[in-house]
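Undergrad: Handing you a structure now.
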Amino acid sequence: MRKKIGLMIALFALMAVLSGCGTMDPVTEDSTGIWDTYFVYPLSWLITYFANLTGENYGLAIIIVTLIIRTALLPLMIKQTRSSKAMQEIQPEIQKLREKYKSKDANTQQKLQQETMALFQKNGVNPLAGCLPLLIQMPILLGFYHAIMRTEEIANHNFLWFDLGDPDPYFILPLVAGLTTFLQQKIMMGGMDNPNPQMKMLLYIMPVMIVVFAINFPAALSLYWVIGNIFMIAQTYFITTPMKKKENQVDGGAKK
């Protein structure tokens, strides 16, 4: 979990650095380079395409593209949720192995790693599955940031009370982004028994990080984050609730 927290912080820091680096010239179909060709321009084209369909409503177009992206990532996110739950279930066995091989010498630690990996394989758990969706999502988010910043039409349009190309002047979107991030993680933790201290710490660190970034990012990106979080809240609820009911039924049957 510590490694996962460190990875998330590093990815957010990388996103902040990269967002200020490189060209910020308008992106077009003539833009060159792997980044512009395969990440930035396709997202820019999608936003523009749906904006044209909705009467140049770029805010609504961003919402539509956000839902498309989240739906495309849905199978991966479902796998992540199930893997996280499976990892939580085998924590008592992992703890027993750590107590059995608590000596710090190289041979003992090697045996611990071998038996831990055998335990993962036996239960079909991939310890990296929790980080994989994050690794996939961050390039998309960074590409979305560049698409918003480098699609000239977006900066000239507004949506609701804010200009899409500028930060929310009233900080409403950043606060909502932080709140929905907190709720999404809280719902996910609600399906776990006795979440560890690192996970509890992440529950409060992530929303604060999101608010800080959203305050400085264009409101269009904050809009993407809010809609994505709402989607994930619904997704997490509808995935974890049936899993919890199934566990309760199994426990109830076992007691009988």
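Chain identifiers are assigned as A, B, and so on, following the order in which chains appear in the structure tokens; residues are numbered from 1 within each chain, and ligands are numbered from 1 in order of appearance.
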With a cut-off of 9 Å, could you pull out the residues of segment 74-144 of chain A touching segment 43-53 of chain A and give me the nearest pair of atoms for each, distance in Å to one decimal, using only C-alpha atoms, ordered by chain and ascending number, as JSON lines?
TA:
{"residue": "A:Ile140", "atom": "CA", "partner": "A:Leu43", "partner_atom": "CA", "distance": 8.7}
{"residue": "A:Gly143", "atom": "CA", "partner": "A:Leu43", "partner_atom": "CA", "distance": 7.3}
{"residue": "A:Phe144", "atom": "CA", "partner": "A:Leu43", "partner_atom": "CA", "distance": 6.3}
Undergrad: Store the residues picked out above in a file with C-alpha atoms, as a short mmCIF file (atom, residue, chain, number, x, y, z; two decimals), in the first residue's frame.
TA:
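File written: again.cif
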data_model
loop_
_atom_site.label_atom_id
_atom_site.label_comp_id
_atom_site.auth_asym_id
_atom_site.auth_seq_id
_atom_site.Cartn_x
_atom_site.Cartn_y
_atom_site.Cartn_z
CA ILE A 140 -5.53 9.81 -20.69
CA GLY A 143 -3.83 13.90 -22.82
CA PHE A 144 -7.23 15.34 -21.94
#
Undergrad: Could you list, as a PyMOL selection string, every residue within 12 Å of segment 109-111 of chain A, counting only C-alpha atoms and ignoring same-chain residues fewer than 5 positions away?
TA: chain A and resi 97-104+116-118
Undergrad: Run DSSP on the backbone and give me the residues of segment 43-210 of chain A it puts in strand (DSSP E), as a PyMOL selection string.
TA: chain A and resi 158-159+162-163
Undergrad: Could you save those same residues with N, CA, C and O atoms as a short mmCIF file (atom, residue, chain, number, x, y, z; two decimals), in the first residue's frame?
TA:
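Result file result-v6.cif:
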data_model
loop_
_atom_site.label_atom_id
_atom_site.label_comp_id
_atom_site.auth_asym_id
_atom_site.auth_seq_id
_atom_site.Cartn_x
_atom_site.Cartn_y
_atom_site.Cartn_z
N ASN A 158 -18.08 28.96 -22.69
CA ASN A 158 -18.33 28.76 -21.26
C ASN A 158 -19.40 27.69 -21.07
O ASN A 158 -20.06 27.28 -22.02
N PHE A 159 -19.55 27.28 -19.83
CA PHE A 159 -20.54 26.25 -19.49
C PHE A 159 -20.99 26.51 -18.07
O PHE A 159 -20.16 26.66 -17.17
N PHE A 162 -18.89 29.03 -15.52
CA PHE A 162 -17.44 29.16 -15.66
C PHE A 162 -17.01 29.12 -17.12
O PHE A 162 -17.70 28.59 -17.99
N ASP A 163 -15.84 29.71 -17.37
CA ASP A 163 -15.19 29.61 -18.66
C ASP A 163 -14.40 28.31 -18.70
O ASP A 163 -13.62 28.01 -17.78
#
Undergrad: Of the residues A:Phe213, A:Tyr38, A:Tyr58, A:Tyr145, which is the one nearest to Leu164 of chain A, using only C-alpha atoms?
TA: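 Once distances to Leu164 of chain A are computed over only C-alpha atoms, the minimum belongs to A:Tyr58.
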Undergrad: When you draw a straight line from atom CA of Val226 of chain A to atom CA of Thr180 of chain A, how long is it in Å?
TA: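 So the two atoms, atom CA of Val226 of chain A and atom CA of Thr180 of chain A, lie 6.8 Å apart.
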Undergrad: From the set A:Leu60, A:Gln95, A:Leu67, A:Pro174, which residue has the shortest atom-to-atom contact distance to Ile227 of chain A, counting only C-alpha atoms?
TA: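 Nearest to Ile227 of chain A: A:Leu67.
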Undergrad: Pull the helix (DSSP H, G or I) assignments for segment 21-99 of chain A out of DSSP run on the backbone, and list those residues as a ChimeraX atom specification.
TA: /A:34-53,58-89,91-99
Undergrad: Name all residues at most 10 Å from Gln185 of chain A (count only C-alpha atoms; drop same-chain ones fewer than 4 positions away) and give them as a list in words.
TA: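 These residues fall inside the cut-off: Thr180, Thr181, Met189, Gly190, Met199, Lys200, Leu202, Leu203, Tyr204, Met206, Pro207, Asn229, Met232, Ile233 and Thr236 of chain A.
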Undergrad: Fewer than 4 positions away in the same chain doesn't count, so skip those; otherwise give me all residues within 12 Å of Val176 of chain A, counting only C-alpha atoms, as a count of residues only.
TA: 25
Undergrad: Ranking A:Asn216, A:Gln80, A:Glu115, A:Thr32 by minimum distance to Pro169 of chain A and counting only C-alpha atoms, which one comes first?
TA: A:Asn216
Undergrad: What is the distance between atom CA of Ile136 of chain A and atom CA of Val27 of chain A, in Å to one decimal?
TA: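 A separation of 22.0 Å between them.
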Undergrad: Using only C-alpha atoms, pick whichever of A:Arg150, A:Gly59, A:Phe120, A:Gln137 has the shortest atom-to-atom distance to Ile94 of chain A.
TA: A:Phe120
Undergrad: Between atom CA of Lys186 of chain A and atom CA of Ile205 of chain A, what is the spacing in Å?
TA: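 Atom-to-atom, atom CA of Ile205 of chain A and atom CA of Lys186 of chain A are spaced 12.5 Å apart.
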